[in-house]
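So this block is start-v5.txt, compact mmCIF, C-alpha atoms:
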# COMPACT_ATOMS: atom_id res chain seq x y z
CA MET N 249 0.00 0.00 0.00
CA SER N 250 1.41 3.37 -0.96
CA THR N 251 1.98 6.17 1.53
CA THR N 252 -0.87 8.28 0.04
CA SER N 253 -3.37 5.43 0.30
CA ALA N 254 -2.34 4.76 3.90
CA LEU N 255 -2.89 8.42 4.83
CA ASN N 256 -6.34 8.46 3.19
CA ALA N 257 -7.36 5.29 5.00
CA ALA N 258 -6.19 6.71 8.34
CA ASN N 259 -8.13 9.94 7.80
CA LYS N 260 -11.25 7.99 6.89
CA ALA N 261 -10.95 5.80 9.98
CA SER N 262 -10.46 8.81 12.25
CA LYS N 263 -13.58 10.50 10.82
CA GLU N 264 -15.66 7.34 11.33
CA GLU N 265 -14.51 7.10 14.93
CA LEU N 266 -15.44 10.78 15.42
CA TYR N 267 -18.97 10.26 14.12
CA ARG N 268 -19.41 7.05 16.19
CA SER N 269 -18.38 8.98 19.31
CA VAL N 270 -21.44 11.21 18.97
CA GLN N 271 -24.10 9.71 21.25
CA PRO N 272 -27.43 11.51 20.58
CA GLN N 273 -29.60 11.83 23.67
CA ASP N 274 -32.85 12.40 21.80
CA ALA N 275 -34.25 12.95 18.33
CA GLU N 276 -33.09 16.57 18.19
CA ASP N 277 -29.52 15.55 19.03
CA ALA N 278 -29.61 12.83 16.37
CA LYS N 279 -30.85 15.32 13.80
CA TYR N 280 -28.11 17.75 14.79
CA ALA N 281 -25.44 15.04 14.51
CA GLN N 282 -26.59 14.09 11.02
CA THR N 283 -26.66 17.71 9.90
CA THR N 284 -23.20 18.33 11.33
CA GLN N 285 -21.80 15.27 9.55
CA VAL N 286 -23.25 16.39 6.20
CA GLN N 287 -21.90 19.89 6.66
CA GLN N 288 -18.41 18.62 7.43
CA GLN N 289 -18.48 16.38 4.40
CA ASP N 290 -19.65 19.28 2.17
CA LEU N 291 -16.78 21.45 3.34
CA ASN N 292 -14.32 18.95 1.83
CA VAL N 293 -15.80 19.38 -1.66
CA ARG N 294 -13.57 21.70 -3.70
CA LEU N 295 -13.93 22.98 -7.23
CA VAL N 296 -10.91 22.04 -9.37
CA CYS N 297 -10.41 22.70 -13.07
CA THR N 298 -10.88 19.45 -15.00
CA TYR N 299 -8.20 20.43 -17.53
CA CYS N 300 -5.27 21.99 -15.69
CA LYS N 301 -6.15 20.36 -12.31
CA LYS N 302 -4.21 22.95 -10.29
CA ASP N 303 -4.57 22.82 -6.49
CA PRO N 304 -5.48 25.30 -5.10
CA PRO N 305 -7.59 26.24 -8.13
CA ASN N 306 -7.40 29.69 -9.69
CA VAL N 307 -11.11 30.20 -10.41
CA ILE N 308 -12.60 33.66 -10.81
CA GLU N 309 -16.16 34.95 -11.06
CA ASP N 310 -16.76 37.33 -13.93
CA PHE N 311 -19.93 39.08 -12.77
CA LYS N 312 -19.97 41.38 -15.79
CA GLN N 313 -20.31 38.41 -18.17
CA GLY N 314 -22.00 36.12 -15.64
CA ASP N 315 -19.36 33.37 -15.99
CA LEU N 316 -17.31 31.20 -13.63
CA VAL N 317 -13.90 30.85 -15.34
CA CYS N 318 -10.54 29.18 -14.70
CA ALA N 319 -7.98 31.99 -14.84
CA ASP N 320 -5.19 29.62 -16.01
CA CYS N 321 -6.69 27.77 -18.94
CA GLY N 322 -9.87 29.78 -19.60
CA THR N 323 -12.34 26.96 -19.06
CA VAL N 324 -15.88 28.21 -18.37
CA PHE N 325 -17.46 26.09 -15.63
CA LYS N 326 -20.76 27.93 -15.36
CA ASP N 327 -22.55 30.77 -17.13
CA ARG N 328 -25.35 33.17 -16.14
CA ILE N 329 -24.33 33.20 -12.50
CA ILE N 330 -26.22 35.52 -10.15
CA ASP N 331 -24.45 38.67 -9.01
CA THR N 332 -24.77 38.58 -5.20
CA ARG N 333 -23.03 41.92 -4.66
CA SER N 334 -24.90 45.07 -3.63
CA GLU N 335 -26.62 47.17 -6.25
CA TRP N 336 -24.99 50.25 -7.71
CA ARG N 337 -25.31 53.39 -5.68
CA THR N 338 -26.92 56.46 -7.22
CA PHE N 339 -24.79 59.60 -7.62
CA SER N 340 -26.43 60.99 -10.74
CA ALA N 341 -27.70 64.08 -8.92
CA ASP N 342 -24.11 65.06 -8.07
CA GLU N 343 -22.10 63.76 -11.00
CA GLY N 344 -24.56 64.08 -13.89
CA GLY N 345 -25.00 61.57 -16.70
CA ASP N 346 -27.08 58.41 -16.70
CA ASP N 347 -28.25 56.91 -13.43
CA PRO N 348 -26.80 53.36 -13.18
CA SER N 349 -29.27 52.30 -10.48
CA ARG N 350 -31.27 49.23 -11.43
CA VAL N 351 -33.73 49.39 -8.54
CA GLY N 352 -35.20 52.88 -8.96
CA SER N 353 -36.02 55.31 -6.17
CA THR N 354 -37.18 54.30 -2.71
CA GLU N 355 -40.79 53.24 -2.32
CA ASN N 356 -43.20 55.89 -1.08
CA ALA N 357 -45.68 54.34 1.35
CA LEU N 358 -48.15 57.17 0.70
CA MET N 359 -48.35 56.27 -3.00
CA GLY N 360 -49.54 52.72 -2.36
CA SER N 361 -50.10 50.77 -5.58
CA MET N 362 -49.15 53.84 -7.63
CA ASN N 363 -45.50 52.91 -6.99
CA MET N 364 -45.92 50.16 -9.60
CA GLU N 365 -47.03 52.43 -12.44
CA THR N 366 -45.39 52.04 -15.87
CA THR N 367 -44.26 55.07 -17.86
CA ILE N 368 -43.88 54.96 -21.64
CA ASN N 369 -41.41 57.42 -23.10
CA ASP N 370 -39.95 57.94 -26.56
CA ALA N 371 -36.20 57.59 -26.02
CA ARG N 372 -35.43 59.20 -29.38
CA GLY N 373 -36.92 62.49 -28.22
CA GLY N 374 -38.78 63.08 -31.45
CA THR N 375 -41.93 65.14 -31.87
CA SER N 376 -43.78 62.55 -33.95
CA GLY N 377 -43.83 58.89 -34.73
CA PRO N 378 -45.34 55.74 -33.18
CA GLY N 379 -43.34 56.09 -29.94
CA LYS N 380 -44.54 59.64 -29.35
CA ASP N 381 -48.14 58.76 -30.15
CA LEU N 382 -48.04 55.79 -27.77
CA SER N 383 -46.58 57.98 -25.03
CA LYS N 384 -49.35 60.56 -25.46
CA ALA N 385 -52.05 57.89 -25.43
CA HIS N 386 -50.61 56.36 -22.28
CA ALA N 387 -50.45 59.76 -20.57
CA LYS N 388 -54.18 60.26 -21.13
CA THR N 389 -55.18 57.16 -19.17
CA SER N 390 -56.93 57.80 -15.85
CA SER N 391 -54.33 56.03 -13.70
CA ILE N 392 -51.41 58.05 -15.05
CA ARG N 393 -53.40 61.27 -14.78
CA ASP N 394 -54.31 60.54 -11.15
CA HIS N 395 -50.69 59.67 -10.46
CA LYS N 396 -49.54 63.07 -11.67
CA VAL N 397 -52.25 64.85 -9.69
CA VAL N 398 -51.24 63.02 -6.50
CA LEU N 399 -47.58 63.92 -6.97
CA GLN N 400 -48.47 67.56 -7.63
CA GLY N 401 -50.72 67.61 -4.55
CA PHE N 402 -48.00 66.11 -2.37
CA LYS N 403 -45.67 68.86 -3.51
CA GLU N 404 -48.22 71.56 -2.68
CA VAL N 405 -48.91 70.06 0.76
CA GLY N 406 -45.19 69.92 1.52
CA THR N 407 -44.69 73.54 0.46
CA LEU N 408 -47.60 74.80 2.58
CA GLY N 409 -46.48 72.69 5.54
CA GLU N 410 -42.98 74.14 5.41
CA LYS N 411 -44.39 77.68 5.35
CA LEU N 412 -46.36 76.95 8.51
CA GLY N 413 -43.48 75.07 10.16
CA LEU N 414 -45.48 71.87 10.65
CA PRO N 415 -43.88 68.53 11.63
CA LYS N 416 -43.50 65.76 9.07
CA ASN N 417 -46.19 63.51 10.55
CA TYR N 418 -48.79 66.29 10.19
CA ILE N 419 -47.81 66.75 6.54
CA ASP N 420 -47.96 63.00 5.91
CA THR N 421 -51.49 62.89 7.32
CA ALA N 422 -52.50 65.70 4.95
CA LYS N 423 -50.95 63.81 2.02
CA GLN N 424 -52.96 60.73 2.92
CA TYR N 425 -56.14 62.83 2.94
CA PHE N 426 -55.24 64.28 -0.46
CA ARG N 427 -54.65 60.85 -1.97
CA THR N 428 -58.02 59.69 -0.60
CA ALA N 429 -59.67 62.76 -2.15
CA VAL N 430 -58.24 61.79 -5.55
CA GLU N 431 -59.40 58.20 -5.15
CA LYS N 432 -62.91 59.39 -4.20
CA ASP N 433 -63.12 61.21 -7.56
CA LEU N 434 -63.32 64.73 -6.17
CA ASN N 435 -62.67 67.42 -8.76
CA VAL N 436 -59.07 67.89 -7.64
CA GLN N 437 -57.35 68.37 -11.00
CA LYS N 438 -58.37 72.00 -11.55
CA ARG N 439 -57.76 73.16 -7.95
CA VAL N 440 -54.85 71.13 -6.67
CA ALA N 441 -53.44 73.89 -4.44
CA HIS N 442 -56.84 74.60 -2.82
CA TYR N 443 -57.51 70.93 -2.11
CA ALA N 444 -53.97 70.56 -0.76
CA GLY N 445 -54.62 73.46 1.62
CA ALA N 446 -57.90 71.93 2.80
CA CYS N 447 -56.22 68.57 3.42
CA LEU N 448 -53.41 70.25 5.34
CA LEU N 449 -55.90 72.09 7.56
CA LEU N 450 -57.66 68.78 8.26
CA GLY N 451 -54.27 67.24 9.07
CA CYS N 452 -53.64 70.02 11.59
CA ARG N 453 -57.02 69.43 13.22
CA LYS N 454 -56.40 65.68 13.30
CA HIS N 455 -53.28 66.27 15.42
CA GLY N 456 -54.82 69.03 17.54
CA VAL N 457 -52.87 71.90 15.96
CA THR N 458 -54.76 75.19 15.84
CA ARG N 459 -55.09 76.78 12.42
CA THR N 460 -57.98 78.87 11.11
CA ILE N 461 -59.85 79.02 7.82
CA ASP N 462 -58.94 82.71 7.51
CA GLU N 463 -55.25 81.88 7.74
CA PHE N 464 -55.38 79.29 4.98
CA ALA N 465 -57.66 81.39 2.77
CA ARG N 466 -55.19 84.28 2.89
CA MET N 467 -52.27 81.97 2.22
CA LEU N 468 -54.02 80.41 -0.81
CA GLY N 469 -55.35 83.72 -2.09
CA ILE N 470 -59.03 82.76 -2.18
CA LYS N 471 -62.14 84.01 -0.38
CA LYS N 472 -62.84 82.64 3.07
CA HIS N 473 -66.36 81.40 2.33
CA GLU N 474 -65.14 79.66 -0.82
CA PHE N 475 -62.39 77.86 1.05
CA GLY N 476 -64.87 77.02 3.82
CA ARG N 477 -67.19 75.24 1.37
CA LEU N 478 -64.26 73.33 -0.07
CA LEU N 479 -63.12 72.33 3.42
CA LEU N 480 -66.56 71.01 4.33
CA GLN N 481 -66.65 68.92 1.15
CA VAL N 482 -63.21 67.41 1.72
CA ASN N 483 -63.86 66.79 5.41
CA LYS N 484 -67.14 64.99 4.69
CA THR N 485 -65.46 62.81 2.06
CA VAL N 486 -62.08 61.87 3.52
CA ALA N 487 -61.82 62.74 7.22
CA ASN N 488 -65.20 63.36 8.88
CA LEU N 489 -63.57 65.31 11.73
CA ALA N 490 -65.53 67.28 14.28
CA ARG N 491 -65.95 70.99 13.61
CA GLN N 492 -63.21 73.13 15.08
CA GLU N 493 -64.44 75.46 17.79
CA THR N 494 -63.70 79.14 18.28
CA ILE N 495 -61.75 78.49 21.46
CA ASP N 496 -58.98 76.59 19.73
CA THR N 497 -56.99 79.71 18.82
CA GLY N 498 -56.98 81.24 22.32
CA ALA N 499 -53.40 80.21 23.05
CA ARG N 500 -52.07 81.55 19.75
CA LEU N 501 -53.92 84.86 20.13
CA CYS N 502 -52.60 85.39 23.67
CA ASP N 503 -49.09 84.63 22.49
CA ALA N 504 -49.43 87.13 19.64
CA LEU N 505 -50.65 89.81 22.10
CA ASP N 506 -47.83 88.99 24.56
CA LEU N 507 -50.24 87.94 27.29
CA PRO N 508 -49.24 85.36 29.94
CA ALA N 509 -49.89 81.68 29.25
CA SER N 510 -52.48 81.51 32.04
CA SER N 511 -54.66 83.98 30.15
CA ALA N 512 -55.13 81.53 27.26
CA GLN N 513 -57.39 79.35 29.42
CA LEU N 514 -59.49 82.39 30.35
CA VAL N 515 -59.83 83.43 26.68
CA THR N 516 -60.90 79.89 25.86
CA GLU N 517 -63.47 79.91 28.64
CA VAL N 518 -64.89 83.33 27.73
CA SER N 519 -65.12 82.37 24.04
CA ARG N 520 -66.99 79.16 24.83
CA ASN N 521 -69.44 80.83 27.19
CA ALA N 522 -70.04 83.68 24.74
CA ARG N 523 -71.52 81.21 22.26
CA ASP N 524 -74.35 80.55 24.73
CA ILE N 525 -75.47 84.19 24.57
CA ASP N 526 -78.00 84.91 21.86
CA GLU N 527 -76.51 88.28 20.89
CA LEU N 528 -73.03 86.73 20.42
CA ALA N 529 -73.88 83.27 19.09
CA SER N 530 -74.12 84.49 15.48
CA ARG N 531 -70.82 86.40 15.54
CA VAL N 532 -67.90 85.13 13.48
CA PRO N 533 -65.10 83.36 15.40
CA GLY N 534 -62.65 86.23 14.95
CA THR N 535 -65.04 88.68 16.57
CA ILE N 536 -65.60 86.46 19.62
CA GLN N 537 -61.87 85.79 19.97
CA GLY N 538 -60.98 89.46 19.74
CA ALA N 539 -63.63 90.53 22.25
CA ALA N 540 -62.65 87.72 24.63
CA ALA N 541 -58.99 88.75 24.43
CA LEU N 542 -59.95 92.36 25.20
CA PHE N 543 -62.14 91.18 28.09
CA VAL N 544 -59.43 88.97 29.62
CA SER N 545 -56.59 91.46 29.14
CA GLN N 546 -58.54 94.04 31.17
CA LEU N 547 -59.53 91.38 33.72
CA ILE N 548 -55.91 90.41 34.53
CA GLY N 549 -54.69 94.00 34.57
CA MET N 550 -52.78 93.89 31.28
CA PRO N 551 -55.13 95.74 28.90
CA ARG N 552 -54.43 95.64 25.17
CA SER N 553 -55.69 98.19 22.68
CA VAL N 554 -58.54 97.41 20.33
CA LYS N 555 -56.32 98.32 17.41
CA ASP N 556 -53.69 95.68 18.29
CA ILE N 557 -56.33 93.01 18.76
CA SER N 558 -58.06 94.00 15.52
CA VAL N 559 -54.84 93.46 13.58
CA LYS N 560 -54.28 90.00 15.11
CA VAL N 561 -57.79 88.65 14.47
CA ASP N 562 -58.36 90.55 11.20
CA VAL N 563 -61.69 92.00 12.36
CA ALA N 564 -62.80 95.64 12.31
CA GLU N 565 -62.33 97.59 15.54
CA THR N 566 -65.97 98.64 15.66
CA THR N 567 -67.10 95.00 15.48
CA ILE N 568 -64.86 94.03 18.39
CA LYS N 569 -66.10 96.96 20.48
CA VAL N 570 -69.75 95.95 20.01
CA ALA N 571 -69.02 92.33 21.02
CA PHE N 572 -67.00 93.51 24.03
CA ARG N 573 -69.90 95.66 25.29
CA LEU N 574 -72.22 92.67 25.02
CA MET N 575 -69.78 90.63 27.09
CA LEU N 576 -69.74 93.35 29.74
CA GLN N 577 -73.51 93.21 29.95
CA HIS N 578 -73.32 89.44 30.58
CA ARG N 579 -70.09 89.44 32.61
CA ASP N 580 -71.62 87.15 35.23
CA ARG N 581 -71.93 84.41 32.56
CA MET N 582 -68.48 84.78 31.01
CA LEU N 583 -66.49 82.83 33.62
CA SER N 584 -66.93 79.59 35.53
CA LYS N 585 -67.87 79.68 39.19
CA ASP N 586 -64.29 79.12 40.36
CA ASN N 587 -62.80 81.81 38.13
CA ALA N 588 -65.68 84.19 38.88
CA ALA N 589 -64.92 83.85 42.60
CA LYS N 590 -61.17 84.21 41.96
CA TYR N 591 -61.56 87.38 39.87
CA ALA N 592 -64.64 88.75 41.64
CA THR N 593 -63.10 92.14 42.38
CA GLN N 594 -61.62 92.58 38.90
CA LEU N 595 -64.84 91.36 37.27
CA ALA N 596 -66.91 93.93 39.13
CA ALA N 597 -64.47 96.69 38.22
CA LEU N 598 -64.57 96.06 34.48
CA TYR N 599 -65.75 99.00 32.42
CA ASP N 600 -66.08 99.96 28.79
CA ILE N 601 -62.56 101.05 27.87
CA THR N 602 -63.62 101.46 24.24
CA ALA N 603 -65.98 104.33 25.01
Just give me the structure of the file as structure tokens.
Amino acid sequence: MSTTSALNAANKASKEELYRSVQPQDAEDAKYAQTTQVQQQDLNVRLVCTYCKKDPPNVIEDFKQGDLVCADCGTVFKDRIIDTRSEWRTFSADEGGDDPSRVGSTENALMGSMNMETTINDARGGTSGPGKDLSKAHAKTSSIRDHKVVLQGFKEVGTLGEKLGLPKNYIDTAKQYFRTAVEKDLNVQKRVAHYAGACLLLGCRKHGVTRTIDEFARMLGIKKHEFGRLLLQVNKTVANLARQETIDTGARLCDALDLPASSAQLVTEVSRNARDIDELASRVPGTIQGAAALFVSQLIGMPRSVKDISVKVDVAETTIKVAFRLMLQHRDRMLSKDNAAKYATQLAALYDITA
């Protein structure tokens, strides 16, 4: 027996003794022992070129061609191999030229199934021909048209949200409302910016952020009553949120007038109670807010002028004065029992500073 054969026989005997030494305690141990034995045997399998038979082999993977090749003799062992490396990274925005990415942009969860849309484009860039005609016909389909409207609406919502300094989750909620409005076949195409503003206002209300119809109407450049009708339509279709009350802007108004934070609760309370008075119930929210701010500022000893309040609530001074006088006539109903007892002296001393 040759020396090589003797060494192979010894190695085989040692491996058999190693496997026999494994004493499985249960079925799981037996399964593990079998798996371990197979894995050890597989590790001994090595790929060697059948022509040059060099050991160790000089085999390379040509991912560009998809071949597994012997670098010494050129024998191709396998073709069309899968490239397991990471995809190309995208630097086209910085470097220019074609984008080598094969996976496209990241998926937008707000787009839903629209992420899988197909776009037909004429690569030749011509103004006529079958490719251009097919591209135009494809662009007229309802799905592609809705896709473009949704993207345009998302852009408008993001722009408005940045102007107002809103967090990302508020903007995402508004985008979801806008997409639902498109899916519900609302006439969004001709008034994308207006519908985007309505959805953003509903997103603010969903998260408890105070914004008014007047504020959005001025920002969008449309009339308040027109935007109000649009908001009611969108809310009924996509959100069905409760109507925002007058009191919600008390904190913002007090901050704008440089009043202490504690006064915001009083403005809220006065505004809510004023709606129970017949003479004030029909007043617009801005009028009630302005009169309540004037009432509270005098109550806490930090009076603000009617002119300053008029600028903040965008209501005429005369209108605020009339509402303020009505509040003075019903001063005993403007505050809760606890606050009325706390500010009893100041409440009794209130007078018409607008006279």
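Using all atoms listed in the file, the contacts of range 561-578 of chain N at a cut-off of 8 Å, with sequence neighbours closer than 4 positions omitted, comprise Leu501, Ala522, Glu527, Leu528, Gly534, Thr535, Ile536, Gln537, Gly538, Ala539, Ala540, Leu542, Phe543, Val554, Lys555, Ile557, Met582, Leu598, Tyr599, Asp600 and Thr602 of chain N.
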> Which value, in Å to one decimal, gives the distance between CA of Thr485 in chain N and CA of Lys423 in chain N?
Replying inline: 14.5 Å
> Do you have the CA of Cys452 in chain N-CA of Ser545 in chain N distance handy?
Replying inline: 27.9 Å
> With all atoms listed in the file as the atoms that count, which of N:Lys301, N:Lys326, N:Lys416, N:Arg439 lies nearest to Gly451 in chain N?
Replying inline: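 Smallest separation from Gly451 in chain N among the options: N:Lys416.
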> Neighbours of Gly314 in chain N within 7 Å (only C-alpha atoms; same-chain residues fewer than 5 positions away dropped), as a list of chain:residue names?
Replying inline: N:Asp327, N:Arg328, N:Ile329, N:Ile330
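Counting from CA of Val518 in chain N, the distance to CA of Lys454 in chain N is 24.3 Å.
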>> Need the shell around Val317 in chain N: protein/DNA/RNA residues with any atom at most 12 Å away, counting all atoms listed in the file. Skip same-chain ones fewer than 5 positions apart. Format as a list of chain:residue names?
In response: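 Returned residues: N:Leu295, N:Val296, N:Cys297, N:Thr298, N:Pro305, N:Asn306, N:Val307, N:Ile308, N:Glu309, N:Asp310, N:Phe311, N:Gly322, N:Thr323, N:Val324, N:Phe325, N:Lys326, N:Asp327, N:Arg328, N:Ile329.
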Is it possible to get the residues within 6 Å of (-53.2, 91.7, 20.1) (coordinates as in the file, counting only C-alpha atoms) written as a short mmCIF file (atom, residue, chain, number, x, y, z; two decimals) with C-alpha atoms, keeping the file's coordinate frame?
data_model
loop_
_atom_site.label_atom_id
_atom_site.label_comp_id
_atom_site.auth_asym_id
_atom_site.auth_seq_id
_atom_site.Cartn_x
_atom_site.Cartn_y
_atom_site.Cartn_z
CA ALA N 504 -49.43 87.13 19.64
CA LEU N 505 -50.65 89.81 22.10
CA ASP N 556 -53.69 95.68 18.29
CA ILE N 557 -56.33 93.01 18.76
CA LYS N 560 -54.28 90.00 15.11
#
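Selecting by distance to (-56.9, 99.4, 32.8) with a limit of 10 Å and using only C-alpha atoms, one obtains N:Ser545, N:Gln546, N:Leu547, N:Ile548, N:Gly549, N:Met550, N:Pro551, N:Arg552, N:Ala597, N:Leu598, N:Tyr599, N:Ile601.
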Would you save the residues of that selection, restricted to C-alpha atoms, as a compact mmCIF listing (two decimals), in the coordinates of the input?
# COMPACT_ATOMS: atom_id res chain seq x y z
CA SER N 545 -56.59 91.46 29.14
CA GLN N 546 -58.54 94.04 31.17
CA LEU N 547 -59.53 91.38 33.72
CA ILE N 548 -55.91 90.41 34.53
CA GLY N 549 -54.69 94.00 34.57
CA MET N 550 -52.78 93.89 31.28
CA PRO N 551 -55.13 95.74 28.90
CA ARG N 552 -54.43 95.64 25.17
CA ALA N 597 -64.47 96.69 38.22
CA LEU N 598 -64.57 96.06 34.48
CA TYR N 599 -65.75 99.00 32.42
CA ILE N 601 -62.56 101.05 27.87
>> Please determine, counting only C-alpha atoms, which residue among N:Leu583, N:Leu414, N:Leu399, N:Ile470 has the shortest atom-to-atom distance to Val430 in chain N.
In response: N:Leu399
>> List the spatial neighbours of Leu480 in chain N as a ChimeraX atom specification - criterion: any atom at most 12 Å away, only C-alpha atoms, same-chain residues fewer than 6 positions off excluded.
In response: /N:443,446-447,449-450,461,473-474,486-492
Produce a file of the selected residues containing C-alpha atoms, as a PDB file, keeping the file's coordinate frame.
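Wrote selection_5.pdb, looks like this:
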ATOM      1  CA  TYR N 443     -57.510  70.930  -2.110  1.00  0.00           C
ATOM      2  CA  ALA N 446     -57.900  71.930   2.800  1.00  0.00           C
ATOM      3  CA  CYS N 447     -56.220  68.570   3.420  1.00  0.00           C
ATOM      4  CA  LEU N 449     -55.900  72.090   7.560  1.00  0.00           C
ATOM      5  CA  LEU N 450     -57.660  68.780   8.260  1.00  0.00           C
ATOM      6  CA  ILE N 461     -59.850  79.020   7.820  1.00  0.00           C
ATOM      7  CA  HIS N 473     -66.360  81.400   2.330  1.00  0.00           C
ATOM      8  CA  GLU N 474     -65.140  79.660  -0.820  1.00  0.00           C
ATOM      9  CA  VAL N 486     -62.080  61.870   3.520  1.00  0.00           C
ATOM     10  CA  ALA N 487     -61.820  62.740   7.220  1.00  0.00           C
ATOM     11  CA  ASN N 488     -65.200  63.360   8.880  1.00  0.00           C
ATOM     12  CA  LEU N 489     -63.570  65.310  11.730  1.00  0.00           C
ATOM     13  CA  ALA N 490     -65.530  67.280  14.280  1.00  0.00           C
ATOM     14  CA  ARG N 491     -65.950  70.990  13.610  1.00  0.00           C
ATOM     15  CA  GLN N 492     -63.210  73.130  15.080  1.00  0.00           C
TER      16      GLN N 492
END
